[in-house]
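Participant: So that you have it, the file is data_32.cif, and it contains mmCIF, C-alpha atoms and all ligand atoms:
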data_structure
#
loop_
_atom_site.label_atom_id
_atom_site.label_comp_id
_atom_site.auth_asym_id
_atom_site.auth_seq_id
_atom_site.Cartn_x
_atom_site.Cartn_y
_atom_site.Cartn_z
CA MET A 92 118.99 134.12 95.68
CA SER A 93 116.36 134.41 98.40
CA LEU A 94 115.90 130.95 99.83
CA SER A 95 113.41 130.47 102.62
CA PHE A 96 111.83 127.20 103.71
CA ASP A 97 108.95 129.16 105.29
CA ASN A 98 107.29 130.08 102.00
CA THR A 99 104.23 127.80 102.07
CA GLU A 100 102.79 129.27 98.89
CA ILE A 101 105.76 127.92 96.91
CA ALA A 102 105.95 124.76 99.05
CA PHE A 103 102.39 123.68 98.28
CA ARG A 104 101.41 125.33 95.01
CA HIS A 105 101.58 121.89 93.32
CA LEU A 106 98.65 120.77 95.51
CA ASN A 107 95.10 121.86 94.71
CA ASP A 108 92.79 122.63 97.65
CA LYS A 109 91.47 119.07 97.78
CA ASP A 110 94.96 117.52 97.88
CA LEU A 111 96.12 120.08 100.43
CA LYS A 112 93.21 119.19 102.73
CA HIS A 113 94.01 115.49 102.25
CA ALA A 114 97.66 116.00 103.22
CA TYR A 115 96.57 118.02 106.24
CA ARG A 116 94.20 115.25 107.40
CA MET A 117 96.91 112.58 106.92
CA PHE A 118 99.49 114.45 108.98
CA TRP A 119 96.86 115.35 111.57
CA ALA A 120 96.09 111.63 112.00
CA MET A 121 99.78 110.59 112.07
CA ASN A 122 100.43 113.25 114.66
CA ARG A 123 98.14 111.34 117.04
CA PRO A 124 100.10 108.30 118.22
CA VAL A 125 97.02 106.37 119.36
CA LEU A 126 95.29 106.84 116.01
CA GLN A 127 98.49 106.06 114.10
CA LYS A 128 99.19 102.89 116.13
CA THR A 129 95.60 101.65 115.78
CA GLY A 130 95.64 102.40 112.04
CA SER A 131 98.92 100.66 111.25
CA GLY A 132 98.11 97.75 113.62
CA PHE A 133 94.76 97.24 111.90
CA THR A 134 96.35 97.44 108.44
CA LYS A 135 99.08 94.87 109.25
CA TRP A 136 96.42 92.54 110.67
CA ALA A 137 94.06 93.04 107.71
CA ILE A 138 96.83 92.38 105.20
CA LYS A 139 97.79 89.15 106.97
CA LEU A 140 94.18 88.01 106.85
CA HIS A 141 93.92 89.05 103.18
CA LEU A 142 91.06 91.41 103.96
CA PRO A 143 90.24 93.79 101.10
CA VAL A 144 91.89 96.91 102.56
CA ASN A 145 93.63 97.99 99.35
CA SER A 146 91.13 100.66 98.39
CA ILE A 147 91.09 102.19 101.89
CA VAL A 148 94.89 102.22 102.09
CA LYS A 149 95.12 103.58 98.55
CA HIS A 150 92.77 106.42 99.28
CA PHE A 151 94.56 107.49 102.47
CA ILE A 152 98.22 106.84 103.19
CA PHE A 153 99.24 105.43 99.74
CA ARG A 154 98.07 108.57 97.98
CA GLN A 155 100.20 110.69 100.30
CA PHE A 156 103.47 108.75 99.96
CA CYS A 157 103.37 106.88 96.60
CA GLY A 158 103.08 107.83 92.95
CA GLY A 159 100.70 105.03 91.93
CA GLU A 160 100.38 101.28 91.62
CA SER A 161 102.25 101.27 88.32
CA LEU A 162 104.64 103.47 86.41
CA ILE A 163 101.82 104.62 84.10
CA GLU A 164 99.70 105.60 87.10
CA SER A 165 102.64 107.62 88.48
CA ILE A 166 103.16 109.72 85.33
CA PRO A 167 100.78 112.57 86.29
CA VAL A 168 102.59 112.87 89.64
CA ILE A 169 105.98 112.96 87.87
CA LYS A 170 104.67 115.60 85.41
CA ASN A 171 103.25 117.72 88.21
CA MET A 172 106.62 117.74 89.98
CA ALA A 173 108.48 118.45 86.74
CA HIS A 174 106.23 121.47 86.17
CA TYR A 175 107.85 122.98 89.29
CA LYS A 176 111.33 121.78 88.26
CA VAL A 177 111.35 119.06 90.91
CA PHE A 178 113.11 115.91 89.70
CA THR A 179 111.98 112.34 90.34
CA ALA A 180 114.10 109.43 91.54
CA LEU A 181 111.91 106.54 90.49
CA ASP A 182 111.66 103.92 93.23
CA TYR A 183 109.97 100.59 92.51
CA GLY A 184 108.89 100.06 96.11
CA VAL A 185 108.61 96.28 96.19
CA GLU A 186 110.90 94.75 98.85
CA GLY A 187 111.54 91.77 101.10
CA LYS A 188 111.50 89.12 98.36
CA SER A 189 113.49 85.89 98.39
CA ARG A 190 112.61 84.00 95.21
CA GLU A 191 114.71 84.05 92.05
CA ALA A 192 111.62 84.80 89.94
CA ASP A 193 110.93 87.92 92.02
CA PHE A 194 114.53 89.10 91.64
CA ARG A 195 114.30 88.64 87.87
CA ASN A 196 111.06 90.58 87.83
CA THR A 197 112.53 93.48 89.87
CA ALA A 198 115.48 93.62 87.46
CA ARG A 199 113.07 93.75 84.49
CA VAL A 200 111.12 96.59 86.10
CA MET A 201 114.33 98.51 86.77
CA ILE A 202 115.43 98.18 83.15
CA ARG A 203 112.03 99.48 82.06
CA ASN A 204 112.33 102.38 84.52
CA ILE A 205 115.72 103.29 83.08
CA GLU A 206 114.16 103.39 79.59
CA PHE A 207 111.37 105.60 80.91
CA ALA A 208 113.87 107.87 82.70
CA HIS A 209 115.88 108.23 79.49
CA SER A 210 112.93 109.88 77.75
CA ASN A 211 112.10 112.17 80.69
CA GLU A 212 114.36 115.11 81.47
CA PHE A 213 112.98 115.35 85.01
CA VAL A 214 113.64 111.70 85.87
CA PRO A 215 117.45 111.69 86.12
CA PHE A 216 117.60 108.84 88.66
CA ILE A 217 116.16 105.49 89.50
CA SER A 218 116.71 104.02 92.93
CA CYS A 219 117.40 100.47 93.94
CA LYS A 220 117.63 98.30 97.04
CA LEU A 221 120.00 95.40 96.36
CA THR A 222 117.86 93.20 98.63
CA GLY A 223 115.28 93.47 95.84
CA LEU A 224 117.78 91.67 93.58
CA VAL A 225 119.49 89.16 95.86
CA ARG A 226 118.74 87.27 99.09
CA PHE A 227 119.44 89.10 102.34
CA ALA A 228 120.94 85.92 103.86
CA LEU A 229 123.43 85.60 101.00
CA LEU A 230 124.59 89.21 101.47
CA GLN A 231 124.97 88.53 105.18
CA LYS A 232 127.06 85.42 104.57
CA ILE A 233 129.43 87.38 102.32
CA HIS A 234 129.53 90.24 104.81
CA ASP A 235 130.60 87.72 107.47
CA ASN A 236 133.31 86.27 105.20
CA ILE A 237 131.75 82.80 105.25
CA THR A 238 132.71 80.60 102.30
CA LEU A 239 129.81 80.13 99.89
CA THR A 240 128.67 76.72 98.70
CA ASP A 241 128.80 76.07 94.93
CA THR A 242 125.07 76.70 94.67
CA GLU A 243 125.38 79.97 96.57
CA GLN A 244 128.33 81.06 94.44
CA LYS A 245 126.20 80.48 91.33
CA GLU A 246 123.38 82.47 92.93
CA TRP A 247 125.81 85.32 93.63
CA ASP A 248 127.12 85.19 90.05
CA ARG A 249 123.57 85.46 88.70
CA PHE A 250 122.93 88.50 90.89
CA TYR A 251 126.26 90.08 89.90
CA HIS A 252 125.45 89.63 86.23
CA ARG A 253 121.91 91.01 86.73
CA PHE A 254 123.11 94.09 88.60
CA LYS A 255 125.89 94.75 86.09
CA GLN A 256 123.34 94.59 83.26
CA ILE A 257 121.22 97.20 85.06
CA CYS A 258 124.26 99.49 85.49
CA GLN A 259 125.23 98.97 81.83
CA LYS A 260 121.70 99.88 80.74
CA ALA A 261 121.79 102.99 82.96
CA ALA A 262 125.11 104.03 81.39
CA ASP A 263 123.76 103.44 77.86
CA GLU A 264 120.62 105.49 78.59
CA ASN A 265 122.43 108.21 80.55
CA THR A 266 120.38 107.64 83.71
CA ALA A 267 121.88 107.45 87.20
CA ILE A 268 121.20 104.84 89.89
CA PHE A 269 121.00 105.44 93.62
CA VAL A 270 121.80 102.22 95.45
CA ASP A 271 120.24 102.39 98.92
CA ALA A 272 122.11 101.58 102.13
CA GLU A 273 120.49 98.93 104.31
CA GLU A 274 121.35 97.12 107.57
CA THR A 275 125.03 97.38 108.59
CA TRP A 276 125.36 93.59 108.78
CA ILE A 277 124.91 93.25 105.00
CA GLN A 278 126.58 96.51 103.96
CA LYS A 279 130.13 95.32 103.13
CA PRO A 280 129.22 93.36 99.95
CA ILE A 281 126.86 96.19 98.92
CA ASP A 282 129.66 98.77 99.20
CA ARG A 283 132.07 96.46 97.39
CA ILE A 284 129.87 95.73 94.38
CA VAL A 285 128.69 99.33 94.07
CA HIS A 286 132.29 100.59 94.09
CA GLU A 287 133.17 97.98 91.49
CA MET A 288 130.36 99.22 89.23
CA MET A 289 131.43 102.83 89.75
CA ALA A 290 134.95 101.95 88.62
CA ILE A 291 133.46 100.58 85.39
CA PHE A 292 130.64 103.06 84.66
CA ASN A 293 131.61 106.36 86.37
CA LYS A 294 134.64 107.18 84.24
CA LYS A 295 133.11 110.25 82.57
CA LYS A 296 129.91 110.83 84.52
CA ALA A 297 128.42 109.67 87.82
CA ILE A 298 126.06 106.85 86.81
CA VAL A 299 126.21 104.67 89.93
CA PHE A 300 125.76 106.20 93.41
CA ASN A 301 126.40 104.44 96.70
CA THR A 302 124.72 105.55 99.98
CA VAL A 303 126.38 106.36 103.32
CA GLN A 304 124.41 106.33 106.58
CA MET A 305 125.95 109.04 108.69
CA TYR A 306 124.42 107.71 111.91
CA CYS A 307 127.24 105.12 111.77
CA THR A 308 130.39 106.15 113.60
CA ASP A 309 132.69 104.79 110.88
CA ARG A 310 131.10 106.33 107.76
CA LEU A 311 132.90 109.66 107.58
CA GLU A 312 136.26 107.90 107.43
CA PHE A 313 134.79 105.33 105.01
CA LEU A 314 133.62 108.17 102.76
CA ARG A 315 137.02 109.86 102.90
CA GLN A 316 138.79 106.63 101.92
CA SER A 317 136.26 105.79 99.21
CA ILE A 318 136.80 109.18 97.57
CA GLU A 319 140.57 108.69 97.69
CA GLU A 320 140.20 105.24 96.11
CA ALA A 321 138.00 106.71 93.36
CA LYS A 322 140.59 109.40 92.65
CA ALA A 323 143.36 106.81 92.47
CA LYS A 324 141.34 104.71 90.04
CA ALA A 325 140.19 107.78 88.08
CA TYR A 326 136.44 107.53 88.39
CA ILE A 327 133.83 109.95 89.74
CA TYR A 328 132.60 108.98 93.18
CA GLY A 329 128.78 109.06 93.29
CA ILE A 330 127.30 109.22 96.77
CA LYS A 331 123.97 109.85 98.48
CA MET A 332 124.28 110.79 102.15
CA VAL A 333 121.49 109.93 104.56
CA ARG A 334 121.33 109.84 108.34
CA GLY A 335 120.01 106.26 108.37
CA ALA A 336 116.65 104.54 108.72
CA TYR A 337 117.32 101.51 110.94
CA MET A 338 118.63 103.05 114.16
CA ASP A 339 116.47 101.15 116.67
CA LYS A 340 116.99 97.83 114.89
CA GLU A 341 120.78 98.40 114.76
CA ARG A 342 121.04 99.26 118.46
CA GLU A 343 118.81 96.39 119.48
CA ARG A 344 120.81 93.82 117.49
CA ALA A 345 124.13 95.13 118.85
CA ALA A 346 122.80 94.91 122.43
CA ASN A 347 121.35 91.41 121.93
CA MET A 348 124.50 90.08 120.27
CA HIS A 349 126.91 91.88 122.61
CA TYR A 350 128.91 93.92 120.13
CA PRO A 351 129.47 97.70 120.24
CA SER A 352 126.64 99.65 118.61
CA PRO A 353 127.73 101.00 115.20
CA ILE A 354 125.44 104.03 115.75
CA HIS A 355 126.50 107.41 117.13
CA ILE A 356 125.54 107.96 120.74
CA SER A 357 123.54 111.12 120.03
CA LYS A 358 121.57 112.89 117.35
CA GLU A 359 124.06 115.77 117.59
CA ALA A 360 126.95 113.44 116.70
CA THR A 361 124.98 112.13 113.68
CA ASP A 362 124.15 115.69 112.61
CA LYS A 363 127.82 116.74 112.92
CA ASP A 364 129.00 113.85 110.71
CA TYR A 365 126.17 114.44 108.24
CA ASP A 366 127.19 118.05 107.66
CA ALA A 367 130.87 117.04 107.59
CA SER A 368 130.06 114.56 104.80
CA ILE A 369 128.43 117.38 102.81
CA LYS A 370 131.51 119.57 103.25
CA LEU A 371 133.88 116.72 102.37
CA CYS A 372 132.08 116.12 99.06
CA PHE A 373 131.49 119.78 98.30
CA ASP A 374 135.22 120.46 98.58
CA GLN A 375 135.96 117.90 95.84
CA LEU A 376 133.26 118.63 93.29
CA GLU A 377 135.46 117.63 90.39
CA ASN A 378 135.78 114.11 91.70
CA VAL A 379 132.53 113.65 93.60
CA ALA A 380 128.84 113.86 92.64
CA PHE A 381 126.52 113.81 95.64
CA CYS A 382 122.95 113.98 96.85
CA ALA A 383 122.01 115.35 100.27
CA ALA A 384 119.01 113.12 100.97
CA THR A 385 117.47 114.60 104.08
CA HIS A 386 114.41 116.28 105.56
CA ASN A 387 116.65 118.24 107.87
CA GLU A 388 116.29 121.98 107.24
CA ASN A 389 119.68 122.87 108.78
CA SER A 390 121.64 120.43 106.61
CA SER A 391 119.76 121.49 103.47
CA ALA A 392 120.29 125.18 104.27
CA TYR A 393 123.96 124.46 105.06
CA LEU A 394 124.53 122.97 101.60
CA ALA A 395 122.59 125.76 99.88
CA LYS A 396 124.74 128.32 101.73
CA LEU A 397 127.99 126.58 100.72
CA ILE A 398 126.89 126.65 97.08
CA GLU A 399 125.95 130.30 97.29
CA GLU A 400 129.02 131.46 99.22
CA HIS A 401 131.44 129.66 96.92
CA GLN A 402 129.56 130.96 93.88
CA VAL A 403 129.08 127.49 92.51
CA GLN A 404 126.41 127.09 89.82
CA LEU A 405 123.14 126.51 91.76
CA ASN A 406 122.18 123.53 89.62
CA HIS A 407 125.69 122.15 89.42
CA PRO A 408 125.45 118.67 87.83
CA HIS A 409 127.30 117.14 90.80
CA ILE A 410 125.02 118.47 93.56
CA TYR A 411 121.49 117.26 94.37
CA PHE A 412 119.02 117.62 97.22
CA ALA A 413 116.29 114.99 97.74
CA GLN A 414 113.37 114.28 100.04
CA LEU A 415 110.79 111.50 100.09
CA PHE A 416 107.57 112.04 98.14
CA GLY A 417 104.83 113.38 100.43
CA MET A 418 107.27 114.83 102.96
CA SER A 419 109.07 118.14 103.45
CA ASP A 420 107.69 119.83 100.35
CA HIS A 421 108.71 123.14 101.92
CA ILE A 422 112.36 122.10 101.43
CA THR A 423 112.10 120.53 97.96
CA TYR A 424 109.85 123.09 96.28
CA ASN A 425 111.58 126.15 97.76
CA LEU A 426 114.99 124.78 96.73
CA ALA A 427 113.75 124.02 93.21
CA ALA A 428 112.13 127.45 92.89
CA ALA A 429 115.44 129.05 93.91
CA GLY A 430 117.23 127.15 91.11
CA PHE A 431 118.84 124.19 92.91
CA ASN A 432 118.64 120.55 91.77
CA ALA A 433 115.93 119.36 94.15
CA GLY A 434 113.79 116.25 93.87
CA LYS A 435 111.81 113.45 95.40
CA TYR A 436 112.21 109.74 95.85
CA LEU A 437 108.95 108.52 94.32
CA PRO A 438 107.99 105.00 95.39
CA TYR A 439 105.39 103.17 93.38
CA GLY A 440 104.03 99.62 93.15
CA PRO A 441 100.98 97.53 94.02
CA VAL A 442 99.43 98.62 97.34
CA ARG A 443 100.00 95.27 99.01
CA GLU A 444 103.67 95.25 97.93
CA VAL A 445 104.51 98.76 99.16
CA MET A 446 102.82 98.21 102.54
CA PRO A 447 106.14 97.65 104.42
CA TYR A 448 107.32 101.03 103.05
CA LEU A 449 104.07 102.75 104.03
CA ILE A 450 104.08 101.30 107.53
CA ARG A 451 107.70 102.46 107.98
CA ARG A 452 106.68 105.94 106.82
CA SER A 453 103.83 106.22 109.27
CA GLU A 454 105.89 104.76 112.16
CA GLU A 455 108.94 106.88 111.37
CA ASN A 456 106.86 110.00 111.04
CA THR A 457 105.25 109.47 114.40
CA SER A 458 108.55 108.61 116.08
CA VAL A 459 110.54 111.53 114.61
CA SER A 460 109.57 114.00 117.26
CA GLY A 461 108.87 117.42 115.89
CA GLN A 462 108.80 116.42 112.21
CA MET A 463 105.09 115.70 112.05
CA GLY A 464 104.36 118.82 114.04
CA ARG A 465 106.38 120.79 111.53
CA GLU A 466 104.60 119.30 108.49
CA LEU A 467 101.23 119.90 110.11
CA GLN A 468 102.07 123.48 111.05
CA LEU A 469 103.20 124.29 107.49
CA LEU A 470 100.07 122.73 105.99
CA ARG A 471 97.93 124.65 108.45
CA THR A 472 99.65 127.93 107.51
CA GLU A 473 98.95 127.27 103.84
CA MET A 474 95.34 126.27 104.54
CA MET A 475 94.88 129.57 106.35
CA ARG A 476 96.58 131.52 103.59
CA ARG A 477 94.10 129.96 101.12
CA LYS A 478 91.27 130.66 103.57
CA LEU A 479 90.45 126.95 103.87
CA LEU A 480 90.58 127.00 107.67
C1 LIG B 1 115.74 110.74 99.34
C2 LIG B 1 116.01 109.88 100.54
C3 LIG B 1 116.65 108.65 100.37
C4 LIG B 1 116.90 107.83 101.49
N1 LIG B 1 117.60 106.67 101.32
C5 LIG B 1 117.96 105.95 102.42
C6 LIG B 1 118.81 104.81 102.31
O1 LIG B 1 119.28 104.45 101.24
N2 LIG B 1 119.11 104.13 103.46
C7 LIG B 1 118.67 104.53 104.70
O2 LIG B 1 119.00 103.89 105.72
N3 LIG B 1 117.85 105.59 104.81
C8 LIG B 1 117.50 106.31 103.72
N4 LIG B 1 116.70 107.41 103.87
C9 LIG B 1 116.09 107.72 105.19
C10 LIG B 1 117.06 108.50 106.09
O3 LIG B 1 118.14 107.66 106.45
C11 LIG B 1 116.43 109.00 107.40
O4 LIG B 1 115.84 107.94 108.09
C12 LIG B 1 115.38 110.06 107.23
O5 LIG B 1 115.60 110.83 106.11
C13 LIG B 1 115.39 110.95 108.50
O6 LIG B 1 116.61 111.66 108.60
P1 LIG B 1 116.72 113.19 108.16
O7 LIG B 1 118.12 113.55 107.85
O8 LIG B 1 115.76 113.40 107.07
O9 LIG B 1 116.11 114.01 109.38
P2 LIG B 1 116.40 114.27 110.89
O10 LIG B 1 115.05 114.35 111.50
O11 LIG B 1 117.31 115.43 111.09
O12 LIG B 1 117.14 113.00 111.45
C14 LIG B 1 116.52 111.87 111.95
C15 LIG B 1 117.58 110.80 111.88
O13 LIG B 1 118.69 111.13 112.75
C16 LIG B 1 119.25 109.95 113.29
N5 LIG B 1 119.07 109.99 114.75
C17 LIG B 1 117.94 110.32 115.42
N6 LIG B 1 118.11 110.22 116.76
C18 LIG B 1 119.40 109.82 116.93
C19 LIG B 1 120.17 109.51 118.10
N7 LIG B 1 119.66 109.60 119.33
N8 LIG B 1 121.45 109.11 117.93
C20 LIG B 1 122.00 109.01 116.71
N9 LIG B 1 121.32 109.30 115.56
C21 LIG B 1 120.03 109.69 115.68
C22 LIG B 1 118.46 108.79 112.67
O14 LIG B 1 119.15 108.39 111.51
C23 LIG B 1 117.13 109.42 112.30
O15 LIG B 1 116.47 108.75 111.24
C24 LIG B 1 116.47 108.25 102.78
C25 LIG B 1 115.84 109.48 102.93
C26 LIG B 1 115.63 110.30 101.85
C27 LIG B 1 115.00 111.65 102.07
#
Would you put the structure from the file into structure tokens?
Ligand SMILES: Cc1cc2nc3c(=O)[nH]c(=O)nc-3n(C[C@H](O)[C@H](O)[C@H](O)COP(=O)(O)OP(=O)(O)OC[C@H]3O[C@@H](n4cnc5c(N)ncnc54)[C@H](O)[C@@H]3O)c2cc1C
Facilitator:
Amino acid sequence: MSLSFDNTEIAFRHLNDKDLKHAYRMFWAMNRPVLQKTGSGFTKWAIKLHLPVNSIVKHFIFRQFCGGESLIESIPVIKNMAHYKVFTALDYGVEGKSREADFRNTARVMIRNIEFAHSNEFVPFISCKLTGLVRFALLQKIHDNITLTDTEQKEWDRFYHRFKQICQKAADENTAIFVDAEETWIQKPIDRIVHEMMAIFNKKKAIVFNTVQMYCTDRLEFLRQSIEEAKAKAYIYGIKMVRGAYMDKERERAANMHYPSPIHISKEATDKDYDASIKLCFDQLENVAFCAATHNENSSAYLAKLIEEHQVQLNHPHIYFAQLFGMSDHITYNLAAAGFNAGKYLPYGPVREVMPYLIRRSEENTSVSGQMGRELQLLRTEMMRRKLL
């Protein structure tokens, strides 16, 4: 195996010259904080005022980070990735809802996505945020151990039934589900219900995956205990490890409410726990199926090296790498070309509905120092190689 993340020819061969130039322009713009801030500020304002910005957004940032406005529109993107052996985790990107009708609709879409995934070899996963299926405030109340009213209990029962139906469908259609991790103050009931579903559906194969945010100081121990519990109950533990997307919000809330921050004090401490979580899972491949969901080159290379050194099958059915669509193609496509299971989270949905996701992408990309520079540098190298610059 000769794995290198520097090979831009492999990294970007799925993009024609026009798409490559578009990606370059997008990252160039996001690399300029003033331009990025003005752009996302204007977009938030325009959306609030119901100005017709959809086509502008769709042409620029949406095209970079989303598959399409519908599943049908996303199919060419999925096929293009599959051509290079890159898998898709289908992510219906609608979020922040609070009405029962919206929850029912999200559940319907997820069932349809599972059916679609079943007929597509390169769509082994769908992803899911439980706050798309149940109210945030209800999760928080359960997290805080507050007794539910009768009406709330019924609401919870409806959600439980809905989520179980989705997991049952996934098991029937042999498709796996990544359940995302969200804010720490709603995470306890998420962990609980996901583990419960694993105990039912992961007996023979990992169908349901939880997510651990390794920027939390307690997650390595939580992961260790969760794996032990899965072993004791004889099911396969499915887990996606991420560093975590809500760091500023978490720290701010802890400071405002005077409780100790749940987040590691440094990036180095997060990185150390992230790689330790990879090693912990790798050492128990019989009992654990896992996905290293990261744009970090060191962590991705670390896992690839473990696989190689221990002579484990490169595309072992219990080991996956994943990045977000539109980001870090040099990791995904080079891993896939080398024979690993590598894929993308592919969000899709109506422009207006995926706006919160897009704004997070552009803000995160500008705030992650170095990342944008790296994307831009790689795109520039490929543009020069193709003599486009
Ligand atoms: C496929 C996929 C699925 C994802 N699913 C989820 C999900 O379910 N839930 C979720 O929360 N996020 C999710 N994310 C986002 C993820 O948590 C990170 O925000 C993002 O991937 C950046 O981390 P990194 O490992 O890619 O890169 P890196 O650039 O190496 O790490 C950046 C991250 O390190 C941490 N960090 C940075 N500075 C510090 C500091 N000073 N102290 C402590 N920690 C620090 C933060 O988590 C920050 O986001 C997902 C990402 C991917 C690729």
Participant: Using only C-alpha atoms and all ligand atoms, can you tell me which of A:Ser357, A:Ser390, A:Asn432, A:Ser93 comes closest to ligand LIG 1 (chain B)?
Facilitator: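 Distance minimum relative to ligand LIG 1 (chain B) lands on A:Ser357.
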Participant: Could you work out an axis-aligned bounding box for all listed atoms of ligand LIG 1 (chain B), with 6 Å added on each of the six sides, and give its centre and edge lengths in Å to one decimal, as lines of an AutoDock Vina configuration file?
Facilitator:
center_x = 118.5
center_y = 109.7
center_z = 109.3
size_x = 19.0
size_y = 23.5
size_z = 32.0
Participant: Could you name the residues that touch Lys296 of chain A at 10 Å or less, counting all atoms listed in the file, but leaving out those on the same chain fewer than 4 positions away, as a list in words?
Facilitator: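 These residues fall inside the cut-off: Ala262, Asn265, Ala267, Met289, Phe292, Tyr326, Ile327, Tyr328, Gly329, Asn378, Val379, Ala380, Pro408 and His409 of chain A.
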Participant: Applying 10 Å and all atoms listed in the file, which residues near Ser161 of chain A remain after dropping the ones on its own chain fewer than 5 positions away? List them as an mmCIF file with C-alpha atoms, keeping the file's coordinate frame.
Facilitator:
data_model
loop_
_atom_site.group_PDB
_atom_site.id
_atom_site.type_symbol
_atom_site.label_atom_id
_atom_site.label_comp_id
_atom_site.auth_asym_id
_atom_site.auth_seq_id
_atom_site.Cartn_x
_atom_site.Cartn_y
_atom_site.Cartn_z
ATOM 1 C CA ILE A 166 103.160 109.720 85.330
ATOM 2 C CA TYR A 183 109.970 100.590 92.510
ATOM 3 C CA PRO A 438 107.990 105.000 95.390
ATOM 4 C CA TYR A 439 105.390 103.170 93.380
ATOM 5 C CA GLY A 440 104.030 99.620 93.150
ATOM 6 C CA PRO A 441 100.980 97.530 94.020
ATOM 7 C CA VAL A 442 99.430 98.620 97.340
#
Participant: Let me make sure I understand: among A:Lys294, A:Glu160, A:Tyr306, A:Met332, which one has the smallest atom-to-atom distance to Ile356 of chain A if we use only C-alpha atoms?
Facilitator: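 Closest residue, counting only C-alpha atoms: A:Tyr306.
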Participant: What is the atom CA of Arg465 of chain A-atom CA of Phe118 of chain A distance in Å, reported with one decimal?
Facilitator: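 Atom CA of Arg465 of chain A sits 9.7 Å away from atom CA of Phe118 of chain A.
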Participant: May I ask which of the residues A:Val214, A:Ile422, A:Val299, A:Ile277 is the closest one to Gln231 of chain A, counting only C-alpha atoms?
Facilitator: A:Ile277
Participant: Near Leu371 of chain A, counting only C-alpha atoms, which residues have an atom at most 9 Å away, once you skip same-chain residues fewer than 5 positions from it, shown as a PyMOL selection string?
Facilitator: chain A and resi 311+314-315+366
Participant: Closest to Gly430 of chain A among A:Arg190, A:Arg471, A:Lys176, A:Arg452, using only C-alpha atoms?
Facilitator: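 Among the listed residues, the smallest separation from Gly430 of chain A belongs to A:Lys176.
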Participant: Just the number, please: distance in Å from atom CA of Lys260 of chain A to atom CA of Thr179 of chain A, one decimal.
Facilitator: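 Those two atoms sit 18.5 Å apart.
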Participant: Could you tell me how far atom CA of Ile369 of chain A lies from atom CA of Arg342 of chain A, in Å and to one decimal?
Facilitator: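 Distance between the two atoms: 25.1 Å.
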Participant: Return the single residue from A:Phe373, A:Phe194, A:Tyr337, A:Phe96 that is closest to ligand LIG 1 (chain B), with distances computed using all atoms listed in the file.
Facilitator: A:Tyr337
Participant: Of the candidates A:Tyr411, A:Phe153, A:Phe103, A:Phe227, which shows the shortest atom-to-atom distance to Cys372 of chain A, using all atoms listed in the file?
Facilitator: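 Smallest distance to Cys372 of chain A is found for A:Tyr411.
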Participant: Which protein, DNA or RNA residues are at most 6 Å from (125.3, 111.9, 110.5) in the file's coordinates when you count all atoms listed in the file, listed as a PyMOL selection string?
Facilitator: chain A and resi 305-306+334+361-365
Participant: Using C-alpha atoms, can you write the selected residues to a file as a CSV table (one decimal), keeping the file's coordinate frame?
Facilitator:
chain,number,residue,atom,x,y,z
A,305,MET,CA,126.0,109.0,108.7
A,306,TYR,CA,124.4,107.7,111.9
A,334,ARG,CA,121.3,109.8,108.3
A,361,THR,CA,125.0,112.1,113.7
A,362,ASP,CA,124.2,115.7,112.6
A,363,LYS,CA,127.8,116.7,112.9
A,364,ASP,CA,129.0,113.8,110.7
A,365,TYR,CA,126.2,114.4,108.2
Participant: Can you pull out every residue within 6 Å of Ile410 of chain A, counting only C-alpha atoms, but drop anything in the same chain fewer than 2 positions away, and send it as a list in words?
Facilitator: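 In the requested format, the answer is Phe381, Cys382, His407 and Pro408 of chain A.
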Participant: Every residue with an atom at most 12 Å from (107.5, 109.8, 95.7) (file coordinates; all atoms listed in the file) is what I'm after, so could you write them as number ranges by chain?
Facilitator: A: 153-160, 162, 165-169, 171-172, 177-184, 214, 217-218, 413-420, 423, 434-440, 445, 448-449, 452
